[in-house]
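Visitor: Please find one structure pasted underneath; my questions will follow.
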Amino acid sequence: FISLTRLKTLHIRSNYLTTIKLTGMIKLDSIDLSLNLIPSIEAIKCDNRSSITDFNLNSNVIRNIFKSALNLSCYNKLEIMKISNTFIRYIEEKSFESLSSLRILHLDSIPDLKKLRKHAFYGLINLAEIKFRSTNQYIEIIQPDAFFGAEKLEILDLSHQKLTFLLNYTFNGLYNLQTLYLKFNKISFIHRHAFYGLSQLKELVLSYNQIYAFLANHFDSLTSLRILVLDALYRHS
């Protein structure tokens, strides 16, 4: 592809692609490599003179996301990134730190992703949408400050996962979050400061969990809350 210096959009879907070099594609803006056998983001050699804004890696065999893989100038202006239906087990701390322009991130249908680690989404200061929800994804643990840095996120849907508890400062840093869905999990215990920092939250849905009691000050930091839904607690299993 080295001679395709004016190419802006590249789709190579539904092949057996394992690696690709994009050298010379300095105008490349949108790339769709879904439904291939790409094992890692490092297997894609982009041209650092390009400015990719839309990147689709859905349905590949990616297993890890490392900070070094995305810390390249060709990804600095990335706005949309889709890595759904992959085999990701591990997201390194601050992996997305260099993607300050990212607005949409899809991480749904990843059955091996069990834990969201501290600072997993650090640096995503313009993130408006992050997608987790699916029928075959079961996040079990969210470490404190996992979402710290994603300060513009307004809606977070963590329904239909396998969360059993919420640690202190789980949602710390989500200062503009408006809506939080946690229904259809297995939450039985919420730590005292789990909702710390959610001063703009207007809707909280905790239905279909296994919560037996709330502490007196569980909701003290939710000063803007208008809608609280607690249907069918303790009966869901």
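Within each chain, counting starts at residue 1; across the structure tokens, chains are named A, B, ... in the order shown, with ligands numbered 1 upward in that order.
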Using only C-alpha atoms, tabulate the residues of segment 135-169 of chain A lying at most 8 Å from any atom of segment 104-124 of chain A, each with its closest atom pair and that distance in Å to one decimal, by chain and increasing residue number, as a Markdown table.
Guide:
```
| residue | atom | partner | partner_atom | distance |
| --- | --- | --- | --- | --- |
| A:Thr135 | CA | A:Ser109 | CA | 7.2 |
| A:Asn136 | CA | A:Pro111 | CA | 5.7 |
| A:Gln137 | CA | A:Pro111 | CA | 4.4 |
| A:Tyr138 | CA | A:Lys114 | CA | 6.2 |
| A:Ile139 | CA | A:Lys114 | CA | 4.3 |
| A:Glu140 | CA | A:Lys114 | CA | 5.2 |
| A:Ile141 | CA | A:Lys115 | CA | 4.8 |
| A:Ile142 | CA | A:Leu116 | CA | 4.8 |
| A:Gln143 | CA | A:Arg117 | CA | 5.2 |
| A:Pro144 | CA | A:Lys118 | CA | 5.9 |
| A:Asp145 | CA | A:Lys118 | CA | 5.2 |
| A:Ala146 | CA | A:Lys118 | CA | 4.1 |
| A:Phe147 | CA | A:Phe121 | CA | 5.4 |
| A:Phe148 | CA | A:Tyr122 | CA | 5.6 |
| A:Gly149 | CA | A:Tyr122 | CA | 4.5 |
| A:Ala150 | CA | A:Leu124 | CA | 4.9 |
| A:Glu151 | CA | A:Leu124 | CA | 7.7 |
```
Visitor: Keeping only N, CA and C atoms, write the selected residues as a PDB file, in the first residue's frame.
Guide:
```pdb
ATOM      1  N   THR A 135     -24.471  -9.935  26.266  1.00  0.00           N
ATOM      2  CA  THR A 135     -24.999 -11.137  26.927  1.00  0.00           C
ATOM      3  C   THR A 135     -23.897 -12.120  27.308  1.00  0.00           C
ATOM      4  N   ASN A 136     -22.677 -11.900  26.857  1.00  0.00           N
ATOM      5  CA  ASN A 136     -21.607 -12.854  27.165  1.00  0.00           C
ATOM      6  C   ASN A 136     -20.362 -12.166  27.708  1.00  0.00           C
ATOM      7  N   GLN A 137     -20.581 -11.067  28.434  1.00  0.00           N
ATOM      8  CA  GLN A 137     -19.464 -10.376  29.080  1.00  0.00           C
ATOM      9  C   GLN A 137     -19.765 -10.270  30.566  1.00  0.00           C
ATOM     10  N   TYR A 138     -18.802 -10.630  31.408  1.00  0.00           N
ATOM     11  CA  TYR A 138     -19.094 -10.723  32.829  1.00  0.00           C
ATOM     12  C   TYR A 138     -17.969 -10.114  33.655  1.00  0.00           C
ATOM     13  N   ILE A 139     -17.945  -8.809  33.752  1.00  0.00           N
ATOM     14  CA  ILE A 139     -16.973  -8.125  34.587  1.00  0.00           C
ATOM     15  C   ILE A 139     -17.289  -8.422  36.054  1.00  0.00           C
ATOM     16  N   GLU A 140     -16.284  -8.847  36.799  1.00  0.00           N
ATOM     17  CA  GLU A 140     -16.482  -9.239  38.191  1.00  0.00           C
ATOM     18  C   GLU A 140     -15.973  -8.201  39.179  1.00  0.00           C
ATOM     19  N   ILE A 141     -14.922  -7.478  38.816  1.00  0.00           N
ATOM     20  CA  ILE A 141     -14.286  -6.537  39.749  1.00  0.00           C
ATOM     21  C   ILE A 141     -13.966  -5.224  39.029  1.00  0.00           C
ATOM     22  N   ILE A 142     -14.299  -4.124  39.688  1.00  0.00           N
ATOM     23  CA  ILE A 142     -13.878  -2.804  39.228  1.00  0.00           C
ATOM     24  C   ILE A 142     -13.015  -2.200  40.328  1.00  0.00           C
ATOM     25  N   GLN A 143     -11.760  -1.993  40.053  1.00  0.00           N
ATOM     26  CA  GLN A 143     -10.881  -1.423  41.066  1.00  0.00           C
ATOM     27  C   GLN A 143     -11.149   0.070  41.251  1.00  0.00           C
ATOM     28  N   PRO A 144     -10.848   0.604  42.438  1.00  0.00           N
ATOM     29  CA  PRO A 144     -11.005   2.045  42.656  1.00  0.00           C
ATOM     30  C   PRO A 144     -10.238   2.859  41.615  1.00  0.00           C
ATOM     31  N   ASP A 145     -10.854   3.953  41.182  1.00  0.00           N
ATOM     32  CA  ASP A 145     -10.251   4.878  40.207  1.00  0.00           C
ATOM     33  C   ASP A 145     -10.091   4.275  38.815  1.00  0.00           C
ATOM     34  N   ALA A 146     -10.807   3.210  38.516  1.00  0.00           N
ATOM     35  CA  ALA A 146     -10.725   2.614  37.176  1.00  0.00           C
ATOM     36  C   ALA A 146     -11.121   3.615  36.099  1.00  0.00           C
ATOM     37  N   PHE A 147     -12.110   4.445  36.413  1.00  0.00           N
ATOM     38  CA  PHE A 147     -12.623   5.403  35.426  1.00  0.00           C
ATOM     39  C   PHE A 147     -12.051   6.807  35.616  1.00  0.00           C
ATOM     40  N   PHE A 148     -11.119   6.949  36.526  1.00  0.00           N
ATOM     41  CA  PHE A 148     -10.560   8.273  36.811  1.00  0.00           C
ATOM     42  C   PHE A 148      -9.919   8.850  35.548  1.00  0.00           C
ATOM     43  N   GLY A 149     -10.306  10.076  35.212  1.00  0.00           N
ATOM     44  CA  GLY A 149      -9.792  10.723  34.010  1.00  0.00           C
ATOM     45  C   GLY A 149     -10.800  10.815  32.892  1.00  0.00           C
ATOM     46  N   ALA A 150     -11.855   9.985  32.941  1.00  0.00           N
ATOM     47  CA  ALA A 150     -12.908  10.030  31.914  1.00  0.00           C
ATOM     48  C   ALA A 150     -13.997  10.998  32.373  1.00  0.00           C
ATOM     49  N   GLU A 151     -13.613  12.234  32.559  1.00  0.00           N
ATOM     50  CA  GLU A 151     -14.451  13.193  33.275  1.00  0.00           C
ATOM     51  C   GLU A 151     -15.655  13.701  32.509  1.00  0.00           C
TER      52      GLU A 151
END
```
Visitor: What parts of segment 76-220 of chain A does DSSP call strand (DSSP E or B)? I'd like the answer as JSON, numbers by chain.
Guide: {"A": [80, 81, 82, 90, 91, 104, 105, 106, 115, 116, 129, 130, 131, 141, 142, 155, 156, 157, 165, 166, 179, 180, 181, 189, 190, 203, 204, 205]}
Visitor: I need the residues from that last selection saved to file as a PDB file, in the first residue's frame (with N, CA and C atoms), if you can.
Guide:
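The result, stored in result02.pdb:
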```
ATOM      1  N   ILE A  80     -13.002   7.427  17.494  1.00  0.00           N
ATOM      2  CA  ILE A  80     -13.851   6.242  17.636  1.00  0.00           C
ATOM      3  C   ILE A  80     -12.966   4.998  17.603  1.00  0.00           C
ATOM      4  N   MET A  81     -13.094   4.158  18.625  1.00  0.00           N
ATOM      5  CA  MET A  81     -12.328   2.918  18.671  1.00  0.00           C
ATOM      6  C   MET A  81     -13.227   1.775  19.102  1.00  0.00           C
ATOM      7  N   LYS A  82     -13.238   0.704  18.309  1.00  0.00           N
ATOM      8  CA  LYS A  82     -14.085  -0.454  18.594  1.00  0.00           C
ATOM      9  C   LYS A  82     -13.200  -1.699  18.691  1.00  0.00           C
ATOM     10  N   TYR A  90      -6.601  -8.400  29.654  1.00  0.00           N
ATOM     11  CA  TYR A  90      -5.836  -7.440  30.440  1.00  0.00           C
ATOM     12  C   TYR A  90      -5.751  -6.107  29.729  1.00  0.00           C
ATOM     13  N   ILE A  91      -6.089  -5.027  30.456  1.00  0.00           N
ATOM     14  CA  ILE A  91      -5.898  -3.666  29.967  1.00  0.00           C
ATOM     15  C   ILE A  91      -4.918  -2.992  30.917  1.00  0.00           C
ATOM     16  N   ILE A 104     -15.692   7.776  21.583  1.00  0.00           N
ATOM     17  CA  ILE A 104     -16.481   6.546  21.643  1.00  0.00           C
ATOM     18  C   ILE A 104     -15.539   5.349  21.750  1.00  0.00           C
ATOM     19  N   LEU A 105     -15.797   4.495  22.758  1.00  0.00           N
ATOM     20  CA  LEU A 105     -14.990   3.299  22.965  1.00  0.00           C
ATOM     21  C   LEU A 105     -15.922   2.120  23.205  1.00  0.00           C
ATOM     22  N   HIS A 106     -15.806   1.083  22.356  1.00  0.00           N
ATOM     23  CA  HIS A 106     -16.635  -0.110  22.489  1.00  0.00           C
ATOM     24  C   HIS A 106     -15.776  -1.279  22.967  1.00  0.00           C
ATOM     25  N   LYS A 115     -11.825  -8.045  34.968  1.00  0.00           N
ATOM     26  CA  LYS A 115     -11.444  -6.991  35.906  1.00  0.00           C
ATOM     27  C   LYS A 115     -11.117  -5.699  35.162  1.00  0.00           C
ATOM     28  N   LEU A 116     -11.651  -4.587  35.694  1.00  0.00           N
ATOM     29  CA  LEU A 116     -11.262  -3.260  35.220  1.00  0.00           C
ATOM     30  C   LEU A 116     -10.293  -2.691  36.246  1.00  0.00           C
ATOM     31  N   GLU A 129     -18.907   8.096  25.339  1.00  0.00           N
ATOM     32  CA  GLU A 129     -19.605   6.807  25.340  1.00  0.00           C
ATOM     33  C   GLU A 129     -18.613   5.668  25.496  1.00  0.00           C
ATOM     34  N   ILE A 130     -18.894   4.794  26.447  1.00  0.00           N
ATOM     35  CA  ILE A 130     -18.127   3.554  26.586  1.00  0.00           C
ATOM     36  C   ILE A 130     -19.117   2.414  26.703  1.00  0.00           C
ATOM     37  N   LYS A 131     -18.947   1.404  25.885  1.00  0.00           N
ATOM     38  CA  LYS A 131     -19.924   0.317  25.796  1.00  0.00           C
ATOM     39  C   LYS A 131     -19.348  -0.977  26.344  1.00  0.00           C
ATOM     40  N   ILE A 141     -14.922  -7.478  38.816  1.00  0.00           N
ATOM     41  CA  ILE A 141     -14.286  -6.537  39.749  1.00  0.00           C
ATOM     42  C   ILE A 141     -13.966  -5.224  39.029  1.00  0.00           C
ATOM     43  N   ILE A 142     -14.299  -4.124  39.688  1.00  0.00           N
ATOM     44  CA  ILE A 142     -13.878  -2.804  39.228  1.00  0.00           C
ATOM     45  C   ILE A 142     -13.015  -2.200  40.328  1.00  0.00           C
ATOM     46  N   ILE A 155     -23.030   8.776  30.580  1.00  0.00           N
ATOM     47  CA  ILE A 155     -23.835   7.558  30.764  1.00  0.00           C
ATOM     48  C   ILE A 155     -22.892   6.363  30.879  1.00  0.00           C
ATOM     49  N   LEU A 156     -23.095   5.555  31.921  1.00  0.00           N
ATOM     50  CA  LEU A 156     -22.295   4.345  32.118  1.00  0.00           C
ATOM     51  C   LEU A 156     -23.234   3.182  32.399  1.00  0.00           C
ATOM     52  N   ASP A 157     -23.202   2.190  31.518  1.00  0.00           N
ATOM     53  CA  ASP A 157     -24.072   1.020  31.644  1.00  0.00           C
ATOM     54  C   ASP A 157     -23.228  -0.209  31.957  1.00  0.00           C
ATOM     55  N   PHE A 165     -19.696  -6.736  44.443  1.00  0.00           N
ATOM     56  CA  PHE A 165     -19.551  -5.646  45.409  1.00  0.00           C
ATOM     57  C   PHE A 165     -19.031  -4.412  44.684  1.00  0.00           C
ATOM     58  N   LEU A 166     -19.198  -3.268  45.335  1.00  0.00           N
ATOM     59  CA  LEU A 166     -18.663  -2.007  44.817  1.00  0.00           C
ATOM     60  C   LEU A 166     -17.711  -1.443  45.856  1.00  0.00           C
ATOM     61  N   THR A 179     -26.067   9.282  34.380  1.00  0.00           N
ATOM     62  CA  THR A 179     -26.856   8.052  34.499  1.00  0.00           C
ATOM     63  C   THR A 179     -25.932   6.860  34.726  1.00  0.00           C
ATOM     64  N   LEU A 180     -26.268   6.043  35.727  1.00  0.00           N
ATOM     65  CA  LEU A 180     -25.480   4.852  36.054  1.00  0.00           C
ATOM     66  C   LEU A 180     -26.405   3.654  36.178  1.00  0.00           C
ATOM     67  N   TYR A 181     -26.211   2.672  35.279  1.00  0.00           N
ATOM     68  CA  TYR A 181     -27.005   1.435  35.293  1.00  0.00           C
ATOM     69  C   TYR A 181     -26.161   0.294  35.861  1.00  0.00           C
ATOM     70  N   PHE A 189     -22.921  -6.168  48.409  1.00  0.00           N
ATOM     71  CA  PHE A 189     -22.369  -5.205  49.359  1.00  0.00           C
ATOM     72  C   PHE A 189     -21.812  -3.988  48.617  1.00  0.00           C
ATOM     73  N   ILE A 190     -22.134  -2.826  49.136  1.00  0.00           N
ATOM     74  CA  ILE A 190     -21.646  -1.563  48.581  1.00  0.00           C
ATOM     75  C   ILE A 190     -20.857  -0.845  49.668  1.00  0.00           C
ATOM     76  N   GLU A 203     -29.600   9.768  37.757  1.00  0.00           N
ATOM     77  CA  GLU A 203     -30.354   8.502  37.729  1.00  0.00           C
ATOM     78  C   GLU A 203     -29.437   7.340  38.105  1.00  0.00           C
ATOM     79  N   LEU A 204     -29.877   6.547  39.081  1.00  0.00           N
ATOM     80  CA  LEU A 204     -29.135   5.372  39.531  1.00  0.00           C
ATOM     81  C   LEU A 204     -30.075   4.177  39.560  1.00  0.00           C
ATOM     82  N   VAL A 205     -29.714   3.129  38.828  1.00  0.00           N
ATOM     83  CA  VAL A 205     -30.546   1.926  38.743  1.00  0.00           C
ATOM     84  C   VAL A 205     -29.755   0.743  39.301  1.00  0.00           C
TER      85      VAL A 205
END
```
Visitor: Fewer than 4 positions away in the same chain doesn't count, so skip those; otherwise give me all residues within 9 Å of Leu17 of chain A, counting only C-alpha atoms, as a list of chain:residue names.
Guide: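 Near Leu17 of chain A, the qualifying residues are A:Ile12, A:Arg13, A:Leu33, A:Leu35, A:Asn36, A:Leu37, A:Ile38.
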Visitor: Considering only C-alpha atoms, return as a list in words whatever protein or nucleic-acid residues lie within 12 Å of Phe195 of chain A, sequence-local ones (same chain, fewer than 5 positions apart) excluded.
Guide: Pro144, Asp145, Leu166, Leu167, Asn168, Tyr169, Thr170, Phe171, Asn172, Gly173, Leu174, Tyr175, Leu177, Leu180, Ile190, Gln200, Leu201, Leu204, Asn217, His218, Phe219, Asp220, Ser221, Leu222, Thr223 and Leu225 of chain A
Visitor: As an exercise, work out the distance from atom CA of Glu42 of chain A to atom CA of Leu7 of chain A in Å and give it to one decimal place.
Guide: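 Here the two named atoms are 21.6 Å from each other.
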Visitor: Identify which of the residues A:Ser40, A:Ser30, A:Ser199, A:Ser159 lies closest to Phe66 of chain A, counting only C-alpha atoms when measuring atom-to-atom distances.
Guide: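 Looking at the shortest contact to Phe66 of chain A, the residue is A:Ser40.
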Visitor: Would you work out the distance separating atom CA of Phe96 of chain A from atom CA of Ile187 of chain A, expressed in Å to one decimal?
Guide: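 These atoms are spaced 28.1 Å apart.
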Visitor: Considering only C-alpha atoms, return as a list in words whatever protein or nucleic-acid residues lie within 7 Å of Leu102 of chain A, sequence-local ones (same chain, fewer than 3 positions apart) excluded.
Guide: Leu78, Glu79, Ile80, Leu99, Leu124, Asn126 and Leu127 of chain A
Visitor: Could you tell me how far atom CA of Ser50 of chain A sits from atom CA of Arg6 of chain A, in Å to one decimal place?
Guide: 10.6 Å
Visitor: Between A:Thr5, A:Ser73, A:Ser34, A:Met25, which has the minimum distance to Asn48 of chain A (counting only C-alpha atoms)?
Guide: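 Of A:Thr5, A:Ser73, A:Ser34, A:Met25, the one nearest Asn48 of chain A is A:Ser73, counting only C-alpha atoms.
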Visitor: Give me the residues within 6 Å of Ser188 of chain A as a PDB file with N, CA, C and O atoms, in the first residue's frame, counting only C-alpha atoms and dropping any in the same chain fewer than 6 places off.
Guide:
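As a result, result15.pdb now contains:
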```pdb
ATOM      1  N   THR A 164     -20.110  -8.354  42.312  1.00  0.00           N
ATOM      2  CA  THR A 164     -20.659  -8.815  43.587  1.00  0.00           C
ATOM      3  C   THR A 164     -20.544  -7.745  44.674  1.00  0.00           C
ATOM      4  O   THR A 164     -21.206  -7.838  45.701  1.00  0.00           O
ATOM      5  N   PHE A 165     -19.696  -6.736  44.443  1.00  0.00           N
ATOM      6  CA  PHE A 165     -19.551  -5.646  45.409  1.00  0.00           C
ATOM      7  C   PHE A 165     -19.031  -4.412  44.684  1.00  0.00           C
ATOM      8  O   PHE A 165     -18.481  -4.502  43.578  1.00  0.00           O
ATOM      9  N   GLN A 210     -28.496  -8.358  44.800  1.00  0.00           N
ATOM     10  CA  GLN A 210     -28.705  -9.136  46.026  1.00  0.00           C
ATOM     11  C   GLN A 210     -28.400  -8.291  47.257  1.00  0.00           C
ATOM     12  O   GLN A 210     -27.840  -8.773  48.238  1.00  0.00           O
ATOM     13  N   ILE A 211     -28.769  -7.031  47.205  1.00  0.00           N
ATOM     14  CA  ILE A 211     -28.472  -6.088  48.272  1.00  0.00           C
ATOM     15  C   ILE A 211     -29.494  -6.239  49.401  1.00  0.00           C
ATOM     16  O   ILE A 211     -30.692  -6.095  49.183  1.00  0.00           O
TER      17      ILE A 211
END
```
Visitor: Extract the full set of helix (DSSP H, G or I) residues from segment 7-139 of chain A according to DSSP on the backbone, and format it as an MDAnalysis selection string.
Guide: chainID A and resid 41:43 67:70 73:75
Visitor: Have a look at A:Asn209, A:Gln178, A:Ile41, A:Phe55 and name the one nearest to Ser224 of chain A; count only C-alpha atoms.
Guide: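 Closest to Ser224 of chain A of all the choices is A:Gln178.
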Visitor: What lies within 12 Å of Arg49 of chain A using only C-alpha atoms, ignoring chain neighbours under 3 positions off, as a compact mmCIF listing (two decimals) with C-alpha atoms, in the first residue's frame?
Guide:
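For reference, part_32.txt as written:
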```
# COMPACT_ATOMS: atom_id res chain seq x y z
CA THR A 5 -0.62 8.32 -0.29
CA LEU A 22 0.21 1.02 6.58
CA THR A 23 3.42 2.78 5.60
CA GLY A 24 2.87 5.67 3.20
CA MET A 25 -0.84 6.14 3.95
CA ILE A 26 -0.38 9.62 5.37
CA LYS A 27 -3.99 10.67 4.64
CA LEU A 28 -5.58 7.59 6.23
CA ASP A 29 -8.51 8.60 8.42
CA LYS A 45 2.12 -0.81 11.74
CA CYS A 46 0.65 2.63 11.12
CA ILE A 52 -6.56 8.02 12.13
CA LEU A 72 1.91 6.53 18.69
CA SER A 73 1.30 9.82 16.89
CA CYS A 74 -0.92 8.15 14.24
CA TYR A 75 -3.51 7.50 17.00
CA ASN A 76 -3.36 10.91 18.68
CA LYS A 77 -6.52 12.15 16.95
```
